[in-house]
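Student: Sharing final.cif, mmCIF, C-alpha atoms:
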data_work
loop_
_atom_site.group_PDB
_atom_site.id
_atom_site.type_symbol
_atom_site.label_atom_id
_atom_site.label_comp_id
_atom_site.auth_asym_id
_atom_site.auth_seq_id
_atom_site.Cartn_x
_atom_site.Cartn_y
_atom_site.Cartn_z
ATOM 1 C CA MET A 22 8.872 106.073 141.654
ATOM 2 C CA ALA A 23 10.144 107.673 138.514
ATOM 3 C CA ARG A 24 11.842 106.460 135.393
ATOM 4 C CA VAL A 25 14.988 108.046 134.010
ATOM 5 C CA VAL A 26 15.956 107.090 130.477
ATOM 6 C CA VAL A 27 19.509 107.170 129.179
ATOM 7 C CA ASP A 28 19.842 106.972 125.403
ATOM 8 C CA VAL A 29 23.285 106.037 124.143
ATOM 9 C CA MET A 30 24.290 106.429 120.501
ATOM 10 C CA LEU A 31 27.587 105.900 118.723
ATOM 11 C CA LYS A 32 29.022 109.277 117.754
ATOM 12 C CA PRO A 33 28.076 110.217 114.174
ATOM 13 C CA GLU A 34 31.618 109.727 112.881
ATOM 14 C CA ILE A 35 31.909 106.180 114.302
ATOM 15 C CA LEU A 36 30.966 103.357 111.935
ATOM 16 C CA ASP A 37 27.843 101.486 113.098
ATOM 17 C CA PRO A 38 27.984 98.008 111.526
ATOM 18 C CA GLN A 39 24.728 96.909 113.210
ATOM 19 C CA GLY A 40 22.831 99.910 111.906
ATOM 20 C CA LYS A 41 24.278 99.229 108.468
ATOM 21 C CA ALA A 42 23.063 95.607 108.608
ATOM 22 C CA VAL A 43 19.555 96.731 109.506
ATOM 23 C CA HIS A 44 19.654 99.352 106.784
ATOM 24 C CA GLY A 45 20.647 96.667 104.288
ATOM 25 C CA ALA A 46 17.808 94.384 105.376
ATOM 26 C CA LEU A 47 15.007 96.947 105.032
ATOM 27 C CA PRO A 48 14.872 97.119 101.210
ATOM 28 C CA ARG A 49 15.056 93.316 101.029
ATOM 29 C CA LEU A 50 11.842 93.281 103.059
ATOM 30 C CA GLY A 51 10.208 95.770 100.753
ATOM 31 C CA PHE A 52 10.662 98.894 102.878
ATOM 32 C CA SER A 53 12.030 101.755 100.839
ATOM 33 C CA GLY A 54 12.958 105.372 101.442
ATOM 34 C CA VAL A 55 15.247 104.921 104.460
ATOM 35 C CA THR A 56 18.583 106.571 103.737
ATOM 36 C CA ASP A 57 20.423 105.557 106.910
ATOM 37 C CA VAL A 58 19.956 103.584 110.145
ATOM 38 C CA ARG A 59 21.909 104.038 113.383
ATOM 39 C CA GLN A 60 21.403 101.595 116.246
ATOM 40 C CA GLY A 61 21.772 102.671 119.851
ATOM 41 C CA LYS A 62 21.068 101.534 123.387
ATOM 42 C CA ARG A 63 18.332 102.637 125.767
ATOM 43 C CA PHE A 64 18.670 102.222 129.519
ATOM 44 C CA GLU A 65 15.641 102.601 131.799
ATOM 45 C CA LEU A 66 16.547 103.393 135.393
ATOM 46 C CA GLU A 67 13.867 103.190 138.052
ATOM 47 C CA VAL A 68 14.564 105.716 140.822
ATOM 48 C CA GLU A 69 12.758 106.945 143.940
ATOM 49 C CA THR A 70 12.438 110.508 142.710
ATOM 50 C CA ALA A 71 13.884 112.143 139.640
ATOM 51 C CA ASP A 72 15.203 115.141 141.518
ATOM 52 C CA GLU A 73 18.239 117.190 140.629
ATOM 53 C CA ALA A 74 20.630 115.151 142.773
ATOM 54 C CA THR A 75 19.422 111.889 141.267
ATOM 55 C CA LEU A 76 19.757 113.200 137.735
ATOM 56 C CA ALA A 77 23.282 114.351 138.506
ATOM 57 C CA GLN A 78 23.982 110.816 139.722
ATOM 58 C CA VAL A 79 22.554 109.323 136.540
ATOM 59 C CA GLU A 80 24.757 111.641 134.454
ATOM 60 C CA LYS A 81 27.716 110.285 136.396
ATOM 61 C CA MET A 82 26.580 106.674 135.842
ATOM 62 C CA ALA A 83 26.167 107.335 132.140
ATOM 63 C CA GLU A 84 29.632 108.758 131.666
ATOM 64 C CA THR A 85 31.256 106.152 133.930
ATOM 65 C CA LEU A 86 29.651 102.944 132.733
ATOM 66 C CA LEU A 87 26.589 103.174 130.489
ATOM 67 C CA ALA A 88 28.384 105.031 127.693
ATOM 68 C CA ASN A 89 31.983 105.053 126.526
ATOM 69 C CA THR A 90 32.369 108.750 125.830
ATOM 70 C CA VAL A 91 35.332 108.066 123.566
ATOM 71 C CA ILE A 92 32.941 106.680 120.957
ATOM 72 C CA GLU A 93 29.411 107.331 122.248
ATOM 73 C CA ASP A 94 27.118 110.259 123.096
ATOM 74 C CA PHE A 95 24.345 109.991 125.672
ATOM 75 C CA VAL A 96 21.213 111.874 126.651
ATOM 76 C CA VAL A 97 19.547 111.661 130.080
ATOM 77 C CA ARG A 98 15.838 112.442 130.397
ATOM 78 C CA VAL A 99 12.972 111.788 132.777
ATOM 79 C CA GLU A 100 10.167 109.777 131.230
ATOM 80 C CA ASP A 101 6.732 111.294 131.664
ATOM 81 C CA ALA A 102 4.505 109.481 134.130
ATOM 82 C CA GLN A 103 1.964 107.301 132.380
ATOM 83 C CA MET B 13 60.164 87.383 136.546
ATOM 84 C CA LYS B 14 56.702 86.772 137.936
ATOM 85 C CA ILE B 15 53.979 87.625 135.453
ATOM 86 C CA GLY B 16 50.395 87.685 136.687
ATOM 87 C CA VAL B 17 47.642 86.441 134.385
ATOM 88 C CA VAL B 18 44.190 87.680 135.347
ATOM 89 C CA THR B 19 41.158 85.430 135.012
ATOM 90 C CA PHE B 20 37.846 87.261 134.638
ATOM 91 C CA PRO B 21 34.541 85.359 134.592
ATOM 92 C CA GLY B 22 34.337 83.942 131.098
ATOM 93 C CA THR B 23 38.014 84.364 130.243
ATOM 94 C CA LEU B 24 39.107 81.525 127.985
ATOM 95 C CA ASP B 25 42.715 82.310 127.072
ATOM 96 C CA ASP B 26 44.163 82.590 130.572
ATOM 97 C CA VAL B 27 45.658 79.094 130.504
ATOM 98 C CA ASP B 28 47.218 79.664 127.080
ATOM 99 C CA ALA B 29 48.623 82.990 128.284
ATOM 100 C CA SER B 30 50.084 81.343 131.417
ATOM 101 C CA ARG B 31 51.632 78.627 129.280
ATOM 102 C CA ALA B 32 53.127 81.248 126.954
ATOM 103 C CA VAL B 33 54.547 83.086 129.974
ATOM 104 C CA THR B 34 56.199 79.870 131.163
ATOM 105 C CA ILE B 35 57.554 78.986 127.710
ATOM 106 C CA GLY B 36 58.889 82.541 127.551
ATOM 107 C CA GLY B 37 61.039 81.762 130.581
ATOM 108 C CA ASN B 38 59.014 83.555 133.243
ATOM 109 C CA GLU B 39 56.870 82.395 136.128
ATOM 110 C CA ALA B 40 53.102 82.629 135.598
ATOM 111 C CA VAL B 41 51.017 83.653 138.609
ATOM 112 C CA ALA B 42 47.256 83.170 138.448
ATOM 113 C CA LEU B 43 45.288 86.263 139.511
ATOM 114 C CA TRP B 44 41.529 86.383 140.098
ATOM 115 C CA HIS B 45 39.568 89.426 138.938
ATOM 116 C CA GLY B 46 37.754 89.717 142.255
ATOM 117 C CA ASP B 47 40.915 90.035 144.354
ATOM 118 C CA HIS B 48 42.562 93.299 145.374
ATOM 119 C CA ASP B 49 45.965 91.612 145.210
ATOM 120 C CA LEU B 50 48.673 91.393 142.562
ATOM 121 C CA LYS B 51 50.609 88.810 144.629
ATOM 122 C CA GLY B 52 53.875 90.665 144.140
ATOM 123 C CA VAL B 53 54.102 90.125 140.380
ATOM 124 C CA ASP B 54 56.466 92.135 138.179
ATOM 125 C CA ALA B 55 54.033 92.430 135.268
ATOM 126 C CA VAL B 56 50.448 91.602 134.344
ATOM 127 C CA VAL B 57 48.774 90.040 131.320
ATOM 128 C CA LEU B 58 45.071 90.658 130.743
ATOM 129 C CA PRO B 59 44.291 87.686 128.524
ATOM 130 C CA GLY B 60 41.710 87.320 125.783
ATOM 131 C CA GLY B 61 38.407 85.585 125.853
ATOM 132 C CA PHE B 62 34.863 86.685 126.267
ATOM 133 C CA SER B 63 34.505 88.427 129.561
ATOM 134 C CA PHE B 64 31.259 89.254 131.277
ATOM 135 C CA GLY B 65 31.785 92.871 130.294
ATOM 136 C CA ASP B 66 30.698 92.011 126.768
ATOM 137 C CA TYR B 67 27.093 92.363 127.889
ATOM 138 C CA LEU B 68 27.382 96.162 127.854
ATOM 139 C CA ARG B 69 30.466 96.858 125.749
ATOM 140 C CA CYS B 70 33.470 94.552 125.561
ATOM 141 C CA GLY B 71 35.561 95.137 128.666
ATOM 142 C CA ALA B 72 33.277 97.801 130.123
ATOM 143 C CA ILE B 73 32.282 95.861 133.219
ATOM 144 C CA SER B 74 35.519 93.912 133.689
ATOM 145 C CA ARG B 75 37.321 97.251 133.713
ATOM 146 C CA PHE B 76 35.710 97.806 137.148
ATOM 147 C CA SER B 77 36.733 94.419 138.576
ATOM 148 C CA PRO B 78 38.535 94.835 141.913
ATOM 149 C CA VAL B 79 41.894 93.663 140.580
ATOM 150 C CA MET B 80 41.808 96.420 137.947
ATOM 151 C CA THR B 81 42.175 99.038 140.682
ATOM 152 C CA GLU B 82 45.572 97.528 141.464
ATOM 153 C CA VAL B 83 46.468 97.032 137.799
ATOM 154 C CA ILE B 84 45.673 100.658 136.946
ATOM 155 C CA GLU B 85 47.690 101.935 139.883
ATOM 156 C CA ALA B 86 50.661 99.680 139.099
ATOM 157 C CA ALA B 87 50.526 100.588 135.390
ATOM 158 C CA GLY B 88 50.690 104.244 136.386
ATOM 159 C CA LYS B 89 53.893 103.513 138.259
ATOM 160 C CA GLY B 90 55.406 101.802 135.214
ATOM 161 C CA MET B 91 54.536 98.130 135.698
ATOM 162 C CA PRO B 92 54.384 96.340 132.337
ATOM 163 C CA VAL B 93 50.802 95.416 131.396
ATOM 164 C CA LEU B 94 49.851 93.522 128.246
ATOM 165 C CA GLY B 95 46.209 93.335 127.175
ATOM 166 C CA ILE B 96 45.378 90.814 124.481
ATOM 167 C CA CYS B 97 42.051 91.004 122.604
ATOM 168 C CA ASN B 98 39.494 91.305 125.414
ATOM 169 C CA GLY B 99 42.404 92.534 127.510
ATOM 170 C CA PHE B 100 43.021 95.298 124.952
ATOM 171 C CA GLN B 101 39.338 96.256 125.182
ATOM 172 C CA ILE B 102 39.630 96.404 128.979
ATOM 173 C CA LEU B 103 42.699 98.673 128.722
ATOM 174 C CA THR B 104 40.863 101.160 126.489
ATOM 175 C CA GLU B 105 37.782 101.075 128.734
ATOM 176 C CA ALA B 106 40.087 101.765 131.689
ATOM 177 C CA HIS B 107 41.614 104.686 129.737
ATOM 178 C CA LEU B 108 45.074 103.194 130.103
ATOM 179 C CA LEU B 109 45.144 103.313 126.304
ATOM 180 C CA PRO B 110 43.351 105.772 124.001
ATOM 181 C CA GLY B 111 40.601 104.917 121.514
ATOM 182 C CA ALA B 112 38.105 102.056 121.582
ATOM 183 C CA LEU B 113 37.311 98.730 119.951
ATOM 184 C CA ILE B 114 34.014 98.356 118.122
ATOM 185 C CA ARG B 115 32.260 95.620 116.135
ATOM 186 C CA ASN B 116 34.092 94.444 113.012
ATOM 187 C CA ASP B 117 33.070 96.473 109.959
ATOM 188 C CA HIS B 118 31.919 93.299 108.132
ATOM 189 C CA ARG B 119 29.971 92.206 111.247
ATOM 190 C CA LYS B 120 31.361 88.668 111.188
ATOM 191 C CA PHE B 121 33.535 86.937 113.733
ATOM 192 C CA VAL B 122 36.932 86.400 112.150
ATOM 193 C CA CYS B 123 39.488 83.690 112.920
ATOM 194 C CA ARG B 124 42.653 83.540 110.841
ATOM 195 C CA ASP B 125 46.425 83.455 110.802
ATOM 196 C CA GLN B 126 47.249 87.155 110.643
ATOM 197 C CA LYS B 127 50.394 88.829 109.394
ATOM 198 C CA LEU B 128 51.560 91.821 111.442
ATOM 199 C CA ARG B 129 54.420 94.285 111.367
ATOM 200 C CA ILE B 130 55.988 95.138 114.731
ATOM 201 C CA GLU B 131 56.560 98.859 114.276
ATOM 202 C CA ASN B 132 57.608 99.709 117.803
ATOM 203 C CA ASN B 133 60.145 97.359 119.373
ATOM 204 C CA THR B 134 60.958 99.638 122.288
ATOM 205 C CA THR B 135 58.019 98.687 124.517
ATOM 206 C CA ALA B 136 58.303 96.378 127.506
ATOM 207 C CA TRP B 137 56.556 93.664 125.499
ATOM 208 C CA THR B 138 58.165 93.936 122.046
ATOM 209 C CA SER B 139 61.890 94.427 122.628
ATOM 210 C CA ALA B 140 62.616 90.865 121.489
ATOM 211 C CA TYR B 141 61.534 91.785 117.957
ATOM 212 C CA ALA B 142 63.468 93.681 115.320
ATOM 213 C CA LYS B 143 61.942 96.984 114.227
ATOM 214 C CA ASP B 144 59.444 96.360 111.419
ATOM 215 C CA GLN B 145 59.762 92.595 111.829
ATOM 216 C CA GLU B 146 56.878 90.785 110.158
ATOM 217 C CA ILE B 147 55.243 88.057 112.188
ATOM 218 C CA THR B 148 52.211 85.786 111.877
ATOM 219 C CA VAL B 149 49.996 85.058 114.858
ATOM 220 C CA VAL B 150 46.410 83.960 115.382
ATOM 221 C CA LEU B 151 43.620 86.527 115.260
ATOM 222 C CA LYS B 152 40.075 85.865 116.461
ATOM 223 C CA ASN B 153 37.567 88.566 117.268
ATOM 224 C CA GLY B 154 34.109 89.918 116.644
ATOM 225 C CA GLU B 155 34.682 93.382 118.046
ATOM 226 C CA GLY B 156 38.249 94.111 117.094
ATOM 227 C CA SER B 157 37.925 97.255 115.035
ATOM 228 C CA TYR B 158 40.198 99.909 116.529
ATOM 229 C CA VAL B 159 38.772 103.434 116.357
ATOM 230 C CA ALA B 160 39.881 106.830 117.650
ATOM 231 C CA ASP B 161 39.459 110.383 116.436
ATOM 232 C CA GLU B 162 41.849 111.773 113.843
ATOM 233 C CA ALA B 163 43.811 113.801 116.385
ATOM 234 C CA THR B 164 44.420 110.703 118.529
ATOM 235 C CA LEU B 165 45.426 108.625 115.499
ATOM 236 C CA ASP B 166 47.855 111.334 114.370
ATOM 237 C CA MET B 167 49.266 111.535 117.900
ATOM 238 C CA LEU B 168 49.772 107.745 118.038
ATOM 239 C CA GLU B 169 51.502 107.745 114.654
ATOM 240 C CA GLY B 170 53.572 110.823 115.456
ATOM 241 C CA GLU B 171 54.822 109.432 118.751
ATOM 242 C CA GLY B 172 55.516 105.976 117.315
ATOM 243 C CA ARG B 173 52.922 104.399 119.550
ATOM 244 C CA VAL B 174 51.474 102.063 116.938
ATOM 245 C CA VAL B 175 53.063 98.819 118.141
ATOM 246 C CA ALA B 176 51.690 96.457 115.507
ATOM 247 C CA ARG B 177 49.918 96.980 112.202
ATOM 248 C CA TYR B 178 47.923 94.505 110.080
ATOM 249 C CA LEU B 179 49.599 93.455 106.835
ATOM 250 C CA ASP B 180 47.967 92.081 103.664
ATOM 251 C CA VAL B 181 44.455 92.032 105.151
ATOM 252 C CA ASN B 182 42.706 94.400 107.521
ATOM 253 C CA PRO B 183 40.577 91.787 109.292
ATOM 254 C CA ASN B 184 38.122 94.028 111.123
ATOM 255 C CA GLY B 185 38.137 97.572 109.773
ATOM 256 C CA SER B 186 40.612 98.973 112.296
ATOM 257 C CA LEU B 187 41.503 102.547 111.394
ATOM 258 C CA ARG B 188 44.927 102.861 109.745
ATOM 259 C CA ASP B 189 45.310 99.058 110.034
ATOM 260 C CA ILE B 190 46.186 99.388 113.713
ATOM 261 C CA ALA B 191 46.508 96.033 115.505
ATOM 262 C CA GLY B 192 48.164 97.222 118.712
ATOM 263 C CA ILE B 193 49.219 100.386 120.515
ATOM 264 C CA THR B 194 51.166 101.438 123.575
ATOM 265 C CA ASN B 195 50.913 104.199 126.156
ATOM 266 C CA GLU B 196 53.305 107.132 126.320
ATOM 267 C CA ARG B 197 55.702 105.323 128.632
ATOM 268 C CA GLY B 198 55.759 102.064 126.665
ATOM 269 C CA ASN B 199 54.860 99.827 129.592
ATOM 270 C CA VAL B 200 51.205 99.278 128.677
ATOM 271 C CA VAL B 201 50.519 97.502 125.380
ATOM 272 C CA GLY B 202 47.177 96.481 123.902
ATOM 273 C CA LEU B 203 47.020 94.033 121.011
ATOM 274 C CA MET B 204 44.008 92.559 119.239
ATOM 275 C CA PRO B 205 45.665 89.420 117.764
ATOM 276 C CA HIS B 206 46.789 86.571 120.029
ATOM 277 C CA PRO B 207 50.552 86.007 120.360
ATOM 278 C CA GLU B 208 49.921 83.468 123.147
ATOM 279 C CA HIS B 209 48.465 81.086 120.542
ATOM 280 C CA ALA B 210 51.680 81.183 118.521
ATOM 281 C CA VAL B 211 54.354 79.991 120.935
ATOM 282 C CA GLU B 212 54.588 76.292 120.029
ATOM 283 C CA GLU B 213 54.973 74.574 116.664
ATOM 284 C CA LEU B 214 52.307 72.002 117.486
ATOM 285 C CA CYS B 215 49.410 74.433 117.522
ATOM 286 C CA GLY B 216 48.953 77.637 115.608
ATOM 287 C CA PRO B 217 50.915 79.123 112.735
ATOM 288 C CA GLY B 218 54.362 79.003 114.374
ATOM 289 C CA VAL B 219 56.222 80.574 117.257
ATOM 290 C CA ASP B 220 56.230 84.200 116.132
ATOM 291 C CA GLY B 221 54.215 85.247 119.182
ATOM 292 C CA LEU B 222 56.853 84.167 121.661
ATOM 293 C CA GLY B 223 58.647 87.518 121.516
ATOM 294 C CA PHE B 224 55.840 89.116 123.512
ATOM 295 C CA PHE B 225 56.663 86.767 126.374
ATOM 296 C CA THR B 226 60.462 86.938 126.196
ATOM 297 C CA SER B 227 60.745 90.719 125.723
ATOM 298 C CA LEU B 228 60.076 91.471 129.338
ATOM 299 C CA ALA B 229 63.136 89.691 130.675
ATOM 300 C CA ALA B 230 65.259 91.360 128.010
ATOM 301 C CA SER B 231 63.901 94.835 128.686
ATOM 302 C CA VAL B 232 64.049 94.642 132.462
ATOM 303 C CA PHE B 233 67.438 92.990 132.789
ATOM 304 C CA ALA B 234 69.087 94.815 129.894
#
Here is a file; write its structure as structure tokens.

Tutor:
Amino acid sequence: MARVVVDVMLKPEILDPQGKAVHGALPRLGFSGVTDVRQGKRFELEVETADEATLAQVEKMAETLLANTVIEDFVVRVEDAQ
Amino acid sequence: MKIGVVTFPGTLDDVDASRAVTIGGNEAVALWHGDHDLKGVDAVVLPGGFSFGDYLRCGAISRFSPVMTEVIEAAGKGMPVLGICNGFQILTEAHLLPGALIRNDHRKFVCRDQKLRIENNTTAWTSAYAKDQEITVVLKNGEGSYVADEATLDMLEGEGRVVARYLDVNPNGSLRDIAGITNERGNVVGLMPHPEHAVEELCGPGVDGLGFFTSLAASVFA
């Protein structure tokens, strides 16, 4: 078994209200020095083998369903075996 | 005219939409999201509510419901399709309309009587209104902020495809105060506010929303 991770982030030019809320909360909790926060989504897909064909499939899944490419970017990567 | 109203799991405004269709002088036909059948309707309403697609992004999963295959095909052939709120989100996820809807800029759910200007009265769903007519209908959403890149926004403005714009207050951070848009052909319209909640004096802020449900007859039989 292998794990493929898909990270989805709102494109830089799209407002991220959730990230902004987290950013606003940090100084209230005494954490300083953070100039911006962006919040994304991480999908972990368990697959039989992370071969080329599978990764191509995952790319397809990401652009079809996991991400909305109008507003989001995504990155597909294989997670190192523990 | 037979107007189909699709119920997705979790849809809550399907009954209101059906009622509005009936009050508008048309026949409402209940459609189920899991069916590959439009039951011979002349038009389709994707009503608002909180569909199961909200788990990923609003409308993202409902966009792949079986009935959407038929809706997308029919829309491509010119069938009038109106998406309200969650329905608007589904239409953008299905790429029947450009852009996307994201979380409100102030992060709060908003529910208010909202003033709009109907800027395009040539669509299948807005012909009953006068150009630039100002109306008040209910608005309720948590992820109603319309976004698109500058080129798309300029294209929408240039082609007169902004159907409705927010007046007085921008309730959710939508770019250029956009409340609703249409496709190139004018048969597909997406709208964030809820005209189906403004078709009877008893509930809601008036009957300004009725035009969305009477336009169809006017446009088709004109």

Student: Select, from A:Val68, A:Val43, A:Val99, A:Leu87, the residue with the minimum atom-to-atom distance to chain B, counting all atoms listed in the file.

Tutor: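 The closest residue to chain B is A:Leu87.
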
Student: Which residues come within 12 Å of Thr75 (chain A), counting all atoms listed in the file, excluding same-chain residues fewer than 3 positions away, as a list in words?

Tutor: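 Surrounding residues, per the criterion: Ala23, Arg24, Val25, Leu66, Glu67, Val68, Glu69, Thr70, Ala71, Asp72, Gln78, Val79, Glu80, Lys81, Met82, Val97, Arg98 and Val99 of chain A.
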
Student: When you look at region 113-126 of chain B with a cut-off of 6 Å (counting only C-alpha atoms), what residues show up, excluding the ones that are within fewer than 6 positions of it in the same chain? I need them as a list of chain:residue names.

Tutor: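 Surrounding residues, per the criterion: A:Pro38, B:Thr148, B:Val149, B:Val150, B:Leu151, B:Lys152, B:Asn153, B:Gly154, B:Glu155, B:Gly156, B:Ser157, B:Tyr158, B:Asn184, B:Gly185.
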
Student: Gly61 (chain A): which residues within 10 Å, counting all atoms listed in the file, same-chain residues fewer than 2 positions away excluded, as a short mmCIF file (atom, residue, chain, number, x, y, z; two decimals) with C-alpha atoms, in the coordinates of the input?

Tutor:
data_model
loop_
_atom_site.label_atom_id
_atom_site.label_comp_id
_atom_site.auth_asym_id
_atom_site.auth_seq_id
_atom_site.Cartn_x
_atom_site.Cartn_y
_atom_site.Cartn_z
CA ASP A 28 19.84 106.97 125.40
CA VAL A 29 23.28 106.04 124.14
CA MET A 30 24.29 106.43 120.50
CA LEU A 31 27.59 105.90 118.72
CA ASP A 37 27.84 101.49 113.10
CA GLN A 39 24.73 96.91 113.21
CA GLY A 40 22.83 99.91 111.91
CA VAL A 58 19.96 103.58 110.14
CA ARG A 59 21.91 104.04 113.38
CA ARG A 63 18.33 102.64 125.77
CA GLU A 93 29.41 107.33 122.25
CA ASP A 94 27.12 110.26 123.10
CA PHE A 95 24.34 109.99 125.67
#

Student: Could you write out as a PyMOL selection string the residues that the PyMOL selection byres ((chain B and resi 59) around 9) matches in the shown file?

Tutor: chain B and resi 17-20+23-29+57-58+60-61+94-100+206+208

Student: If the cut-off is 10 Å, can you tell me the residues of chain A near chain B, counting all atoms listed in the file? I'd like them as a ChimeraX atom specification.

Tutor: /A:31,34-39,41-42,62,85-92

Student: Those residues with C-alpha atoms, as a JSON list (two decimals), in the frame of the given file please?

Tutor:
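Just written: out_6.json:
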[["chain", "number", "residue", "atom", "x", "y", "z"],
["A", 31, "LEU", "CA", 27.59, 105.90, 118.72],
["A", 34, "GLU", "CA", 31.62, 109.73, 112.88],
["A", 35, "ILE", "CA", 31.91, 106.18, 114.30],
["A", 36, "LEU", "CA", 30.97, 103.36, 111.94],
["A", 37, "ASP", "CA", 27.84, 101.49, 113.10],
["A", 38, "PRO", "CA", 27.98, 98.01, 111.53],
["A", 39, "GLN", "CA", 24.73, 96.91, 113.21],
["A", 41, "LYS", "CA", 24.28, 99.23, 108.47],
["A", 42, "ALA", "CA", 23.06, 95.61, 108.61],
["A", 62, "LYS", "CA", 21.07, 101.53, 123.39],
["A", 85, "THR", "CA", 31.26, 106.15, 133.93],
["A", 86, "LEU", "CA", 29.65, 102.94, 132.73],
["A", 87, "LEU", "CA", 26.59, 103.17, 130.49],
["A", 88, "ALA", "CA", 28.38, 105.03, 127.69],
["A", 89, "ASN", "CA", 31.98, 105.05, 126.53],
["A", 90, "THR", "CA", 32.37, 108.75, 125.83],
["A", 91, "VAL", "CA", 35.33, 108.07, 123.57],
["A", 92, "ILE", "CA", 32.94, 106.68, 120.96]]

Student: For Leu50 (chain B), find every residue with an atom within 12 Å (counting all atoms listed in the file), except residues of its own chain fewer than 6 positions away, and show them as a list in words.

Tutor: Lys14, Ile15, Gly16, Val17, Val18, Val41, Ala42, Leu43, Trp44, Val56, Val57, Pro78, Val79, Met80, Thr81, Glu82, Val83, Ile84, Glu85, Ala86, Ala87 and Met91 of chain B

Student: Enumerate, as a ChimeraX atom specification, the residues matched when the PyMOL selection byres ((chain B and resi 176-182) around 7) is run on the file above.

Tutor: /B:127-131,174-175,183-186,189-193

Student: When you draw a straight line from CA of Asp57 (chain A) to CA of Leu187 (chain B), how long is it in Å?

Tutor: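 Interatomic distance, CA of Asp57 (chain A) to CA of Leu187 (chain B): 21.8 Å.
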
Student: Please indicate the distance in Å from CA of Ser139 (chain B) to CA of Ala32 (chain B), rounded to one decimal place.

Tutor: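 Answer for the CA of Ser139 (chain B) to CA of Ala32 (chain B) separation: 16.4 Å.
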
Student: What gap, in Å, lies between CA of Gly37 (chain B) and CA of Thr226 (chain B)?

Tutor: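 Spanning CA of Gly37 (chain B) to CA of Thr226 (chain B) is a straight-line distance of 6.8 Å.
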
Student: May I ask which of the residues B:Gly198, B:Gly71, B:Gly36, B:Gly172 is the closest one to Asp220 (chain B), counting only C-alpha atoms?

Tutor: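 Between B:Gly198, B:Gly71, B:Gly36, B:Gly172, the residue approaching Asp220 (chain B) most closely is B:Gly36.
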
Student: Given all atoms listed in the file as the basis, pick out the residue of B:Gly202, B:Gly22, B:Gly221, B:Gly170 nearest to Phe62 (chain B).

Tutor: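 Smallest separation from Phe62 (chain B) among the options: B:Gly22.
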